[in-house]
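Peer 1: The structure under discussion is supplied below as C-alpha cells; questions concerning it will follow.
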Amino acid sequence: MIRSVDVPALVEQTRAGMPRAIGRLISLVDDQHPALREVMAALAPHTGGAHVVGLTGSPGVGKSTTTNALIGAYRAAGKSVAVLAVDPSSPFSGGALLGDRIRMSEAATDPGVYIRSLASRGHLGGISVATPQAIRVLDAAGFDVVLVETVGVGQSEVAVAGSADTTLVLLAPGMGDGIQAAKAGILEIGDVFVVNKADREGADSTVRDLRHMIQMGEGTAPRGWRRRVVRASAVNGTGVDDIVAAVGEHLEWLAASGELRRRRTARARDEISALAVAELRSRMGDLGAGGTLDQLAGGVVDGRTDPFAAADVLLESVAG
C-alpha cells in the first residue's frame with residue numbers, strides 16, 4: 001500500500017531547509033513514488049540557484065576525501081553544501097552499499113551541510129537514474145553548492161558530466177590514470193583535473209602527462225575555457241583552496257559565456273527524453289506477454305512482416 005504524501009507541506013519544509021523534509025522528498029525520488037510528478041511541479045519555480053559540481057575518477061583516487069575537504073572549504077567561505085554520493089547497490093536490498101555519510105560524519109553534523117547516499121541500482125555511468133531529480137530537490141532547498149560524487153567504476157563513469165555544471169576529474173600518481181583518462185574519454189568531460197595524493201612519488205610526471213594530453217586534445221574543450229590541472233592532497237587539505245578557486249573560475253566563465261544555460265538546457269533535454277522513453281517502455285510492457293508485442297514478434301519470425309514495419313505498428317499501438 002502506497003502512503004499518501006502531503007506534497008505542499010513537504011515542499012514548504014524543504015524550501016525552509018528542513019533536513020527531514022529534504023530526505024523524504026529524495027526518498028520519493030529514489031522510489032519513483034506516484035507523487036513525484038506533483039513534487040517536481042511544485043519545486044520547478046525554485047530551482048536554478050545551485051552550482052552543481054560533479055566529482056569522478058577511478059576507485060581509490062580519494063573522491064570521498066576530496067569531497068569532504070571541499071565541504072570544509074565551502075563552509076569556511078560561508079556557502080551551504082549538499083552532497084549526493086552515488087554508491088554501488090547491494091545485490092540483496094538494492095540500497096547503497098558503502099554509505100558515504102559514514103565517511104563524512106564530521107560534516108554531517110553541520111546544519112549548513114546535507115549528505116545523502118543514492119544507490120546506483122545497476123545504472124551504468126557512475127550515477128543513479130534518480131540523480132537529476134534529487135539534484136533538483138537540493139537546488140530548491142537553497143543549497144549554494146551541490147557536490148555529486150560518482151560510484152567509481154572506471155570507464156563508464158562519464159555520465160556525471162551530463163548532470164553537472166562543472167566536472168572535476170580526480171587522478172592519482174602510480175595508478176595509470178593518465179592512460180585511463182585518454183582511454184575513457186575523461187579528457188572530454190573534465191573541466192578541472194585534480195591530481196590528488198600529490199605528495200606521492202610520480203605526481204610531477206602525472207601532472208606533466210595530463211597537461212600534455214589536455215594540450216593535444218584542446219579541440220574537445222568548450223571554446224574559451226582552458227581546462228585546469230590542480231595538484232592536491234585532500235587528506236591534509238593541501239591544494240583544496242586551489243580546487244575551489246578553479247571551480248569558481250569555471251562558474252564565472254560558464255555564466256559569462258552563456259555555456260551555463262546551454263549545459264542546463266542540454267541536461268533538461270536529456271532528462272525529458274529519458275522520462276519519455278521510460279514511459280514508452282512502460283506502455284510497451286503492457287503490450288508484452290501474450291499481447292501485441294508478442295504477436296508482432298511472431299510475425300517477424302514467420303516472415304509475415306519485418307522489424308521496421310512491426311515497430312511502426314507497435315508505436316501506433318502505444319500512441320493510441
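Chain labels A, B, ... are given in the sequence in which chains occur in the C-alpha cells; within each chain residues are numbered consecutively from 1, and ligands are likewise numbered from 1 in the order shown.
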Near Ala234 of chain A, counting only C-alpha atoms, which residues have an atom at most 8 Å away, once you skip same-chain residues fewer than 3 positions from it, shown as a compact mmCIF listing (two decimals) with C-alpha atoms, in the first residue's frame?
Peer 2:
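File part15.txt, as written:
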```txt
# COMPACT_ATOMS: atom_id res chain seq x y z
CA GLY A 62 40.24 9.82 -3.00
CA THR A 65 38.22 12.51 0.95
CA THR A 66 38.25 15.31 -1.61
CA ALA A 69 37.72 18.62 2.06
CA ASN A 196 45.21 14.03 -5.75
CA LYS A 197 47.69 12.40 -3.37
CA GLY A 237 43.99 19.89 2.94
CA THR A 238 46.85 20.82 0.60
CA GLY A 239 45.63 22.36 -2.66
CA VAL A 240 41.93 22.30 -1.72
```
Peer 1: Between atom CA of Asn68 of chain A and atom CA of Arg264 of chain A, what is the spacing in Å?
Peer 2: 25.7 Å
Peer 1: Write out as a list of chain:residue names the residues lying within 8 Å of Arg227 of chain A, counting only C-alpha atoms and excluding same-chain residues fewer than 4 positions away.
Peer 2: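 The contact residues come out as A:Gly190, A:Asp191, A:Val192, A:Phe193, A:Ile214, A:Ala221.
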Peer 1: Which one of A:Gly299, A:Gly78, A:Pro8, A:Pro307 sits closest to Val39 of chain A if you count only C-alpha atoms?
Peer 2: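 Among the listed residues, the smallest separation from Val39 of chain A belongs to A:Pro8.
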Peer 1: Tell me, as a list in words, which residues lie within 12 Å of Arg263 of chain A, counting only C-alpha atoms; anything in the same chain fewer than 3 positions away does not count.
Peer 2: Val52, Ala161, Gly162, Ser163, Ala164, Asp165, Thr166, Thr167, Pro222, Leu251, Leu254, Ala255, Ser257, Gly258, Glu259, Leu260, Ala266, Arg267, Ala268, Arg269 and Asp270 of chain A
Peer 1: Env of segment 131-147 of chain A: 9 Å cut, atoms = only C-alpha atoms, seq-sep filter 6 positions within chain, self excluded. Answer as a JSON list (two decimals) with all heavy atoms, in the first residue's frame.
Peer 2:
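result.json written:
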```json
[["chain", "number", "residue", "atom", "x", "y", "z"],
["A", 11, "VAL", "N", 7.20, 20.32, 0.44],
["A", 11, "VAL", "CA", 7.90, 21.30, -0.38],
["A", 11, "VAL", "C", 8.19, 22.57, 0.43],
["A", 11, "VAL", "O", 9.30, 23.12, 0.37],
["A", 11, "VAL", "CB", 7.09, 21.64, -1.65],
["A", 11, "VAL", "CG1", 7.66, 22.85, -2.37],
["A", 11, "VAL", "CG2", 7.07, 20.43, -2.59],
["A", 13, "GLN", "N", 8.53, 22.81, 3.68],
["A", 13, "GLN", "CA", 9.57, 22.49, 4.66],
["A", 13, "GLN", "C", 10.94, 22.35, 4.00],
["A", 13, "GLN", "O", 11.97, 22.75, 4.56],
["A", 13, "GLN", "CB", 9.20, 21.20, 5.41],
["A", 13, "GLN", "CG", 7.98, 21.35, 6.31],
["A", 13, "GLN", "CD", 7.40, 20.00, 6.72],
["A", 13, "GLN", "OE1", 8.01, 18.95, 6.52],
["A", 13, "GLN", "NE2", 6.21, 20.03, 7.29],
["A", 14, "THR", "N", 10.95, 21.79, 2.79],
["A", 14, "THR", "CA", 12.21, 21.67, 2.05],
["A", 14, "THR", "C", 12.75, 23.04, 1.69],
["A", 14, "THR", "O", 13.95, 23.30, 1.82],
["A", 14, "THR", "CB", 12.00, 20.83, 0.77],
["A", 14, "THR", "OG1", 11.67, 19.49, 1.14],
["A", 14, "THR", "CG2", 13.24, 20.82, -0.11],
["A", 15, "ARG", "N", 11.88, 23.93, 1.25],
["A", 15, "ARG", "CA", 12.30, 25.30, 0.94],
["A", 15, "ARG", "C", 12.86, 26.00, 2.17],
["A", 15, "ARG", "O", 13.71, 26.88, 2.07],
["A", 15, "ARG", "CB", 11.11, 26.10, 0.39],
["A", 15, "ARG", "CG", 10.60, 25.61, -0.94],
["A", 15, "ARG", "CD", 11.43, 26.13, -2.10],
["A", 15, "ARG", "NE", 11.37, 27.58, -2.16],
["A", 15, "ARG", "CZ", 12.42, 28.38, -2.27],
["A", 15, "ARG", "NH1", 13.64, 27.87, -2.32],
["A", 15, "ARG", "NH2", 12.28, 29.70, -2.33],
["A", 16, "ALA", "N", 12.41, 25.58, 3.35],
["A", 16, "ALA", "CA", 12.91, 26.15, 4.60],
["A", 16, "ALA", "C", 14.19, 25.46, 5.06],
["A", 16, "ALA", "O", 14.76, 25.82, 6.10],
["A", 16, "ALA", "CB", 11.84, 26.06, 5.69],
["A", 17, "GLY", "N", 14.64, 24.45, 4.28],
["A", 17, "GLY", "CA", 15.89, 23.77, 4.60],
["A", 17, "GLY", "C", 15.80, 22.73, 5.68],
["A", 17, "GLY", "O", 16.82, 22.38, 6.29],
["A", 18, "MET", "N", 14.61, 22.19, 5.92],
["A", 18, "MET", "CA", 14.44, 21.18, 6.97],
["A", 18, "MET", "C", 14.93, 19.82, 6.47],
["A", 18, "MET", "O", 14.39, 19.27, 5.49],
["A", 18, "MET", "CB", 12.98, 21.11, 7.40],
["A", 18, "MET", "CG", 12.48, 22.41, 8.03],
["A", 18, "MET", "SD", 10.72, 22.36, 8.45],
["A", 18, "MET", "CE", 10.72, 21.08, 9.72],
["A", 22, "ILE", "N", 13.69, 17.30, 3.27],
["A", 22, "ILE", "CA", 14.58, 17.09, 2.12],
["A", 22, "ILE", "C", 14.80, 15.59, 1.90],
["A", 22, "ILE", "O", 14.69, 15.08, 0.79],
["A", 22, "ILE", "CB", 15.93, 17.80, 2.34],
["A", 22, "ILE", "CG1", 15.74, 19.31, 2.41],
["A", 22, "ILE", "CG2", 16.91, 17.44, 1.22],
["A", 22, "ILE", "CD1", 16.97, 20.07, 2.87],
["A", 25, "LEU", "N", 11.69, 13.90, 0.45],
["A", 25, "LEU", "CA", 11.49, 14.13, -0.98],
["A", 25, "LEU", "C", 12.49, 13.33, -1.82],
["A", 25, "LEU", "O", 12.13, 12.78, -2.87],
["A", 25, "LEU", "CB", 11.63, 15.62, -1.30],
["A", 25, "LEU", "CG", 10.48, 16.54, -0.90],
["A", 25, "LEU", "CD1", 10.67, 17.94, -1.46],
["A", 25, "LEU", "CD2", 9.12, 15.98, -1.37],
["A", 26, "ILE", "N", 13.72, 13.23, -1.36],
["A", 26, "ILE", "CA", 14.71, 12.45, -2.11],
["A", 26, "ILE", "C", 14.34, 10.97, -2.08],
["A", 26, "ILE", "O", 14.55, 10.24, -3.06],
["A", 26, "ILE", "CB", 16.13, 12.70, -1.57],
["A", 26, "ILE", "CG1", 16.55, 14.14, -1.87],
["A", 26, "ILE", "CG2", 17.13, 11.74, -2.23],
["A", 26, "ILE", "CD1", 17.93, 14.51, -1.39],
["A", 27, "SER", "N", 13.77, 10.51, -0.98],
["A", 27, "SER", "CA", 13.28, 9.12, -0.92],
["A", 27, "SER", "C", 12.16, 8.91, -1.94],
["A", 27, "SER", "O", 12.09, 7.85, -2.59],
["A", 27, "SER", "CB", 12.79, 8.79, 0.48],
["A", 27, "SER", "OG", 13.87, 8.76, 1.40],
["A", 29, "VAL", "N", 11.88, 10.48, -4.72],
["A", 29, "VAL", "CA", 12.58, 10.45, -6.00],
["A", 29, "VAL", "C", 13.20, 9.07, -6.22],
["A", 29, "VAL", "O", 13.04, 8.46, -7.29],
["A", 29, "VAL", "CB", 13.68, 11.54, -6.04],
["A", 29, "VAL", "CG1", 14.62, 11.30, -7.22],
["A", 29, "VAL", "CG2", 13.05, 12.92, -6.12],
["A", 30, "ASP", "N", 13.91, 8.58, -5.22],
["A", 30, "ASP", "CA", 14.62, 7.31, -5.33],
["A", 30, "ASP", "C", 13.66, 6.15, -5.57],
["A", 30, "ASP", "O", 13.97, 5.19, -6.28],
["A", 30, "ASP", "CB", 15.44, 7.07, -4.06],
["A", 30, "ASP", "CG", 16.64, 6.17, -4.30],
["A", 30, "ASP", "OD1", 17.04, 6.01, -5.48],
["A", 30, "ASP", "OD2", 17.20, 5.64, -3.32],
["A", 39, "VAL", "N", 5.55, 16.66, -6.95],
["A", 39, "VAL", "CA", 6.73, 17.22, -6.28],
["A", 39, "VAL", "C", 7.55, 18.06, -7.25],
["A", 39, "VAL", "O", 7.92, 19.20, -6.96],
["A", 39, "VAL", "CB", 7.61, 16.09, -5.69],
["A", 39, "VAL", "CG1", 8.95, 16.64, -5.23],
["A", 39, "VAL", "CG2", 6.89, 15.41, -4.53],
["A", 40, "MET", "N", 7.84, 17.51, -8.42],
["A", 40, "MET", "CA", 8.68, 18.21, -9.38],
["A", 40, "MET", "C", 8.00, 19.49, -9.88],
["A", 40, "MET", "O", 8.67, 20.52, -10.09],
["A", 40, "MET", "CB", 9.02, 17.30, -10.56],
["A", 40, "MET", "CG", 9.96, 16.16, -10.22],
["A", 40, "MET", "SD", 11.61, 16.75, -9.66],
["A", 40, "MET", "CE", 11.59, 16.20, -7.96],
["A", 43, "LEU", "N", 8.43, 22.11, -7.19],
["A", 43, "LEU", "CA", 9.81, 22.58, -6.99],
["A", 43, "LEU", "C", 10.33, 23.42, -8.16],
["A", 43, "LEU", "O", 11.24, 24.24, -7.98],
["A", 43, "LEU", "CB", 10.75, 21.38, -6.80],
["A", 43, "LEU", "CG", 10.58, 20.54, -5.54],
["A", 43, "LEU", "CD1", 11.59, 19.40, -5.54],
["A", 43, "LEU", "CD2", 10.76, 21.39, -4.28],
["A", 44, "ALA", "N", 9.75, 23.24, -9.34],
["A", 44, "ALA", "CA", 10.29, 23.84, -10.56],
["A", 44, "ALA", "C", 10.58, 25.34, -10.45],
["A", 44, "ALA", "O", 11.64, 25.80, -10.89],
["A", 44, "ALA", "CB", 9.37, 23.55, -11.74],
["A", 45, "PRO", "N", 9.68, 26.15, -9.87],
["A", 45, "PRO", "CA", 9.95, 27.59, -9.83],
["A", 45, "PRO", "C", 11.10, 27.99, -8.90],
["A", 45, "PRO", "O", 11.54, 29.14, -8.92],
["A", 45, "PRO", "CB", 8.63, 28.18, -9.31],
["A", 45, "PRO", "CG", 7.60, 27.12, -9.49],
["A", 45, "PRO", "CD", 8.34, 25.83, -9.33],
["A", 46, "HIS", "N", 11.57, 27.05, -8.09],
["A", 46, "HIS", "CA", 12.55, 27.38, -7.06],
["A", 46, "HIS", "C", 13.95, 26.83, -7.36],
["A", 46, "HIS", "O", 14.79, 26.78, -6.48],
["A", 46, "HIS", "CB", 12.09, 26.83, -5.71],
["A", 46, "HIS", "CG", 10.69, 27.24, -5.35],
["A", 46, "HIS", "ND1", 10.34, 28.55, -5.08],
["A", 46, "HIS", "CD2", 9.54, 26.51, -5.25],
["A", 46, "HIS", "CE1", 9.05, 28.62, -4.82],
["A", 46, "HIS", "NE2", 8.53, 27.40, -4.92],
["A", 47, "THR", "N", 14.17, 26.42, -8.61],
["A", 47, "THR", "CA", 15.46, 25.80, -8.96],
["A", 47, "THR", "C", 16.30, 26.75, -9.81],
["A", 47, "THR", "O", 15.81, 27.75, -10.32],
["A", 47, "THR", "CB", 15.25, 24.49, -9.72],
["A", 47, "THR", "OG1", 14.47, 24.75, -10.90],
["A", 47, "THR", "CG2", 14.51, 23.48, -8.86],
["A", 48, "GLY", "N", 17.57, 26.40, -9.95],
["A", 48, "GLY", "CA", 18.47, 27.16, -10.81],
["A", 48, "GLY", "C", 19.52, 27.96, -10.06],
["A", 48, "GLY", "O", 20.39, 28.58, -10.67],
["A", 49, "GLY", "N", 19.48, 27.93, -8.73],
["A", 49, "GLY", "CA", 20.42, 28.74, -7.95],
["A", 49, "GLY", "C", 21.69, 28.02, -7.53],
["A", 49, "GLY", "O", 22.68, 28.66, -7.20],
["A", 50, "ALA", "N", 21.68, 26.70, -7.52],
["A", 50, "ALA", "CA", 22.83, 25.94, -7.02],
["A", 50, "ALA", "C", 23.86, 25.71, -8.12],
["A", 50, "ALA", "O", 23.52, 25.55, -9.30],
["A", 50, "ALA", "CB", 22.37, 24.59, -6.47],
["A", 51, "HIS", "N", 25.12, 25.69, -7.72],
["A", 51, "HIS", "CA", 26.20, 25.31, -8.63],
["A", 51, "HIS", "C", 26.43, 23.82, -8.45],
["A", 51, "HIS", "O", 26.83, 23.37, -7.37],
["A", 51, "HIS", "CB", 27.48, 26.09, -8.30],
["A", 51, "HIS", "CG", 28.61, 25.80, -9.22],
["A", 51, "HIS", "ND1", 29.92, 26.17, -8.94],
["A", 51, "HIS", "CD2", 28.67, 25.17, -10.44],
["A", 51, "HIS", "CE1", 30.70, 25.79, -9.93],
["A", 51, "HIS", "NE2", 29.98, 25.17, -10.84],
["A", 52, "VAL", "N", 26.14, 23.03, -9.46],
["A", 52, "VAL", "CA", 26.24, 21.57, -9.38],
["A", 52, "VAL", "C", 27.63, 21.16, -9.86],
["A", 52, "VAL", "O", 28.01, 21.41, -11.01],
["A", 52, "VAL", "CB", 25.16, 20.88, -10.22],
["A", 52, "VAL", "CG1", 25.26, 19.36, -10.08],
["A", 52, "VAL", "CG2", 23.77, 21.37, -9.80],
["A", 53, "VAL", "N", 28.39, 20.53, -8.97],
["A", 53, "VAL", "CA", 29.76, 20.13, -9.26],
["A", 53, "VAL", "C", 29.85, 18.61, -9.18],
["A", 53, "VAL", "O", 29.56, 18.01, -8.13],
["A", 53, "VAL", "CB", 30.76, 20.76, -8.27],
["A", 53, "VAL", "CG1", 32.19, 20.33, -8.59],
["A", 53, "VAL", "CG2", 30.64, 22.29, -8.30],
["A", 54, "GLY", "N", 30.25, 17.96, -10.26],
["A", 54, "GLY", "CA", 30.41, 16.51, -10.27],
["A", 54, "GLY", "C", 31.85, 16.12, -10.00],
["A", 54, "GLY", "O", 32.77, 16.79, -10.46],
["A", 55, "LEU", "N", 32.05, 15.06, -9.23],
["A", 55, "LEU", "CA", 33.39, 14.53, -8.97],
["A", 55, "LEU", "C", 33.44, 13.10, -9.47],
["A", 55, "LEU", "O", 32.61, 12.26, -9.07],
["A", 55, "LEU", "CB", 33.72, 14.54, -7.47],
["A", 55, "LEU", "CG", 33.92, 15.90, -6.80],
["A", 55, "LEU", "CD1", 32.59, 16.43, -6.26],
["A", 55, "LEU", "CD2", 34.91, 15.79, -5.66],
["A", 67, "THR", "N", 35.83, 15.23, -1.51],
["A", 67, "THR", "CA", 34.50, 15.79, -1.26],
["A", 67, "THR", "C", 34.42, 16.37, 0.14],
["A", 67, "THR", "O", 33.92, 17.49, 0.34],
["A", 67, "THR", "CB", 33.42, 14.72, -1.46],
["A", 67, "THR", "OG1", 33.46, 14.23, -2.80],
["A", 67, "THR", "CG2", 32.04, 15.26, -1.17],
["A", 70, "LEU", "N", 36.33, 19.59, 0.29],
["A", 70, "LEU", "CA", 35.62, 20.67, -0.38],
["A", 70, "LEU", "C", 34.48, 21.20, 0.47],
["A", 70, "LEU", "O", 34.21, 22.41, 0.48],
["A", 70, "LEU", "CB", 35.10, 20.19, -1.73],
["A", 70, "LEU", "CG", 36.15, 19.97, -2.83],
["A", 70, "LEU", "CD1", 35.52, 19.34, -4.07],
["A", 70, "LEU", "CD2", 36.83, 21.28, -3.19],
["A", 71, "ILE", "N", 33.81, 20.30, 1.18],
["A", 71, "ILE", "CA", 32.75, 20.74, 2.08],
["A", 71, "ILE", "C", 33.31, 21.76, 3.08],
["A", 71, "ILE", "O", 32.73, 22.84, 3.29],
["A", 71, "ILE", "CB", 32.13, 19.55, 2.85],
["A", 71, "ILE", "CG1", 31.36, 18.64, 1.90],
["A", 71, "ILE", "CG2", 31.21, 20.03, 3.96],
["A", 71, "ILE", "CD1", 30.92, 17.32, 2.53],
["A", 74, "TYR", "N", 34.15, 25.15, 1.33],
["A", 74, "TYR", "CA", 32.96, 25.95, 1.00],
["A", 74, "TYR", "C", 32.27, 26.47, 2.26],
["A", 74, "TYR", "O", 31.79, 27.62, 2.27],
["A", 74, "TYR", "CB", 31.97, 25.11, 0.17],
["A", 74, "TYR", "CG", 32.35, 25.00, -1.28],
["A", 74, "TYR", "CD1", 32.59, 23.76, -1.88],
["A", 74, "TYR", "CD2", 32.48, 26.14, -2.07],
["A", 74, "TYR", "CE1", 32.95, 23.66, -3.21],
["A", 74, "TYR", "CE2", 32.83, 26.05, -3.42],
["A", 74, "TYR", "CZ", 33.07, 24.81, -3.97],
["A", 74, "TYR", "OH", 33.43, 24.72, -5.30],
["A", 79, "LYS", "N", 29.32, 29.20, 2.41],
["A", 79, "LYS", "CA", 28.37, 28.61, 1.48],
["A", 79, "LYS", "C", 27.78, 27.32, 2.05],
["A", 79, "LYS", "O", 28.48, 26.55, 2.70],
["A", 79, "LYS", "CB", 29.04, 28.32, 0.13],
["A", 79, "LYS", "CG", 29.47, 29.58, -0.61],
["A", 79, "LYS", "CD", 29.99, 29.25, -1.99],
["A", 79, "LYS", "CE", 30.34, 30.53, -2.75],
["A", 79, "LYS", "NZ", 30.82, 30.25, -4.12],
["A", 80, "SER", "N", 26.50, 27.11, 1.79],
["A", 80, "SER", "CA", 25.87, 25.86, 2.19],
["A", 80, "SER", "C", 26.13, 24.80, 1.12],
["A", 80, "SER", "O", 26.23, 25.11, -0.07],
["A", 80, "SER", "CB", 24.35, 26.04, 2.38],
["A", 80, "SER", "OG", 23.76, 26.56, 1.20],
["A", 81, "VAL", "N", 26.26, 23.55, 1.56],
["A", 81, "VAL", "CA", 26.70, 22.48, 0.66],
["A", 81, "VAL", "C", 25.81, 21.24, 0.83],
["A", 81, "VAL", "O", 25.53, 20.82, 1.95],
["A", 81, "VAL", "CB", 28.16, 22.07, 0.94],
["A", 81, "VAL", "CG1", 28.63, 21.04, -0.08],
["A", 81, "VAL", "CG2", 29.08, 23.28, 0.94],
["A", 82, "ALA", "N", 25.39, 20.67, -0.30],
["A", 82, "ALA", "CA", 24.71, 19.38, -0.29],
["A", 82, "ALA", "C", 25.56, 18.39, -1.08],
["A", 82, "ALA", "O", 26.22, 18.77, -2.05],
["A", 82, "ALA", "CB", 23.33, 19.48, -0.91],
["A", 83, "VAL", "N", 25.56, 17.16, -0.63],
["A", 83, "VAL", "CA", 26.33, 16.10, -1.29],
["A", 83, "VAL", "C", 25.41, 14.95, -1.66],
["A", 83, "VAL", "O", 24.66, 14.45, -0.82],
["A", 83, "VAL", "CB", 27.46, 15.57, -0.38],
["A", 83, "VAL", "CG1", 28.22, 14.44, -1.07],
["A", 83, "VAL", "CG2", 28.41, 16.69, 0.02],
["A", 84, "LEU", "N", 25.48, 14.55, -2.92],
["A", 84, "LEU", "CA", 24.85, 13.31, -3.37],
["A", 84, "LEU", "C", 25.97, 12.33, -3.66],
["A", 84, "LEU", "O", 26.72, 12.51, -4.62],
["A", 84, "LEU", "CB", 24.01, 13.53, -4.63],
["A", 84, "LEU", "CG", 22.62, 14.11, -4.47],
["A", 84, "LEU", "CD1", 21.99, 14.30, -5.84],
["A", 84, "LEU", "CD2", 21.74, 13.23, -3.60],
["A", 85, "ALA", "N", 26.12, 11.33, -2.83],
["A", 85, "ALA", "CA", 27.17, 10.33, -3.01],
["A", 85, "ALA", "C", 26.54, 9.07, -3.58],
["A", 85, "ALA", "O", 25.79, 8.38, -2.89],
["A", 85, "ALA", "CB", 27.85, 10.04, -1.68],
["A", 86, "VAL", "N", 26.80, 8.82, -4.86],
["A", 86, "VAL", "CA", 26.19, 7.66, -5.52],
["A", 86, "VAL", "C", 27.06, 6.45, -5.25],
["A", 86, "VAL", "O", 28.23, 6.40, -5.62],
["A", 86, "VAL", "CB", 26.04, 7.90, -7.03],
["A", 86, "VAL", "CG1", 25.32, 6.72, -7.67],
["A", 86, "VAL", "CG2", 25.28, 9.19, -7.29],
["A", 112, "GLY", "N", 24.66, 23.46, 7.93],
["A", 112, "GLY", "CA", 24.79, 24.00, 6.58],
["A", 112, "GLY", "C", 25.20, 22.97, 5.56],
["A", 112, "GLY", "O", 25.50, 23.31, 4.41],
["A", 113, "VAL", "N", 25.20, 21.69, 5.98],
["A", 113, "VAL", "CA", 25.62, 20.59, 5.09],
["A", 113, "VAL", "C", 24.54, 19.51, 5.10],
["A", 113, "VAL", "O", 24.01, 19.16, 6.16],
["A", 113, "VAL", "CB", 26.96, 19.99, 5.55],
["A", 113, "VAL", "CG1", 27.34, 18.80, 4.68],
["A", 113, "VAL", "CG2", 28.07, 21.04, 5.54],
["A", 114, "TYR", "N", 24.23, 19.00, 3.92],
["A", 114, "TYR", "CA", 23.30, 17.87, 3.83],
["A", 114, "TYR", "C", 23.97, 16.80, 2.98],
["A", 114, "TYR", "O", 24.45, 17.09, 1.87],
["A", 114, "TYR", "CB", 21.98, 18.29, 3.19],
["A", 114, "TYR", "CG", 21.00, 17.14, 3.09],
["A", 114, "TYR", "CD1", 20.16, 16.82, 4.16],
["A", 114, "TYR", "CD2", 20.93, 16.36, 1.94],
["A", 114, "TYR", "CE1", 19.28, 15.76, 4.07],
["A", 114, "TYR", "CE2", 20.06, 15.29, 1.85],
["A", 114, "TYR", "CZ", 19.24, 15.00, 2.93],
["A", 114, "TYR", "OH", 18.38, 13.94, 2.86],
["A", 118, "LEU", "N", 22.92, 7.74, -2.59],
["A", 118, "LEU", "CA", 21.95, 7.17, -3.52],
["A", 118, "LEU", "C", 22.52, 5.89, -4.08],
["A", 118, "LEU", "O", 23.71, 5.83, -4.41],
["A", 118, "LEU", "CB", 21.67, 8.13, -4.68],
["A", 118, "LEU", "CG", 20.74, 9.32, -4.48],
["A", 118, "LEU", "CD1", 20.63, 10.10, -5.79],
["A", 118, "LEU", "CD2", 19.36, 8.88, -4.03],
["A", 163, "SER", "N", 25.17, 15.69, -15.73],
["A", 163, "SER", "CA", 24.37, 16.07, -14.57],
["A", 163, "SER", "C", 24.95, 17.25, -13.82],
["A", 163, "SER", "O", 24.39, 17.67, -12.81],
["A", 163, "SER", "CB", 24.25, 14.88, -13.60],
["A", 163, "SER", "OG", 23.58, 13.80, -14.21],
["A", 164, "ALA", "N", 26.08, 17.79, -14.28],
["A", 164, "ALA", "CA", 26.79, 18.82, -13.52],
["A", 164, "ALA", "C", 27.06, 20.05, -14.37],
["A", 164, "ALA", "O", 27.15, 19.98, -15.59],
["A", 164, "ALA", "CB", 28.11, 18.26, -12.99],
["A", 267, "ARG", "N", 20.94, 19.36, -20.23],
["A", 267, "ARG", "CA", 20.61, 18.46, -19.12],
["A", 267, "ARG", "C", 19.10, 18.22, -19.05],
["A", 267, "ARG", "O", 18.64, 17.09, -18.89],
["A", 267, "ARG", "CB", 21.10, 19.10, -17.82],
["A", 267, "ARG", "CG", 21.40, 18.13, -16.71],
["A", 267, "ARG", "CD", 22.43, 18.71, -15.79],
["A", 267, "ARG", "NE", 21.93, 19.73, -14.89],
["A", 267, "ARG", "CZ", 22.63, 20.75, -14.43],
["A", 267, "ARG", "NH1", 23.88, 20.91, -14.82],
["A", 267, "ARG", "NH2", 22.13, 21.61, -13.60],
["A", 268, "ALA", "N", 18.33, 19.30, -19.17],
["A", 268, "ALA", "CA", 16.87, 19.18, -19.13],
["A", 268, "ALA", "C", 16.36, 18.38, -20.32],
["A", 268, "ALA", "O", 15.44, 17.55, -20.20],
["A", 268, "ALA", "CB", 16.24, 20.57, -19.11],
["A", 271, "GLU", "N", 16.94, 14.76, -19.67],
["A", 271, "GLU", "CA", 16.03, 14.24, -18.64],
["A", 271, "GLU", "C", 14.63, 14.03, -19.22],
["A", 271, "GLU", "O", 13.98, 13.01, -18.96],
["A", 271, "GLU", "CB", 15.98, 15.22, -17.47],
["A", 271, "GLU", "CG", 15.17, 14.69, -16.29],
["A", 271, "GLU", "CD", 15.16, 15.66, -15.11],
["A", 271, "GLU", "OE1", 15.76, 16.74, -15.21],
["A", 271, "GLU", "OE2", 14.53, 15.31, -14.09]]
```
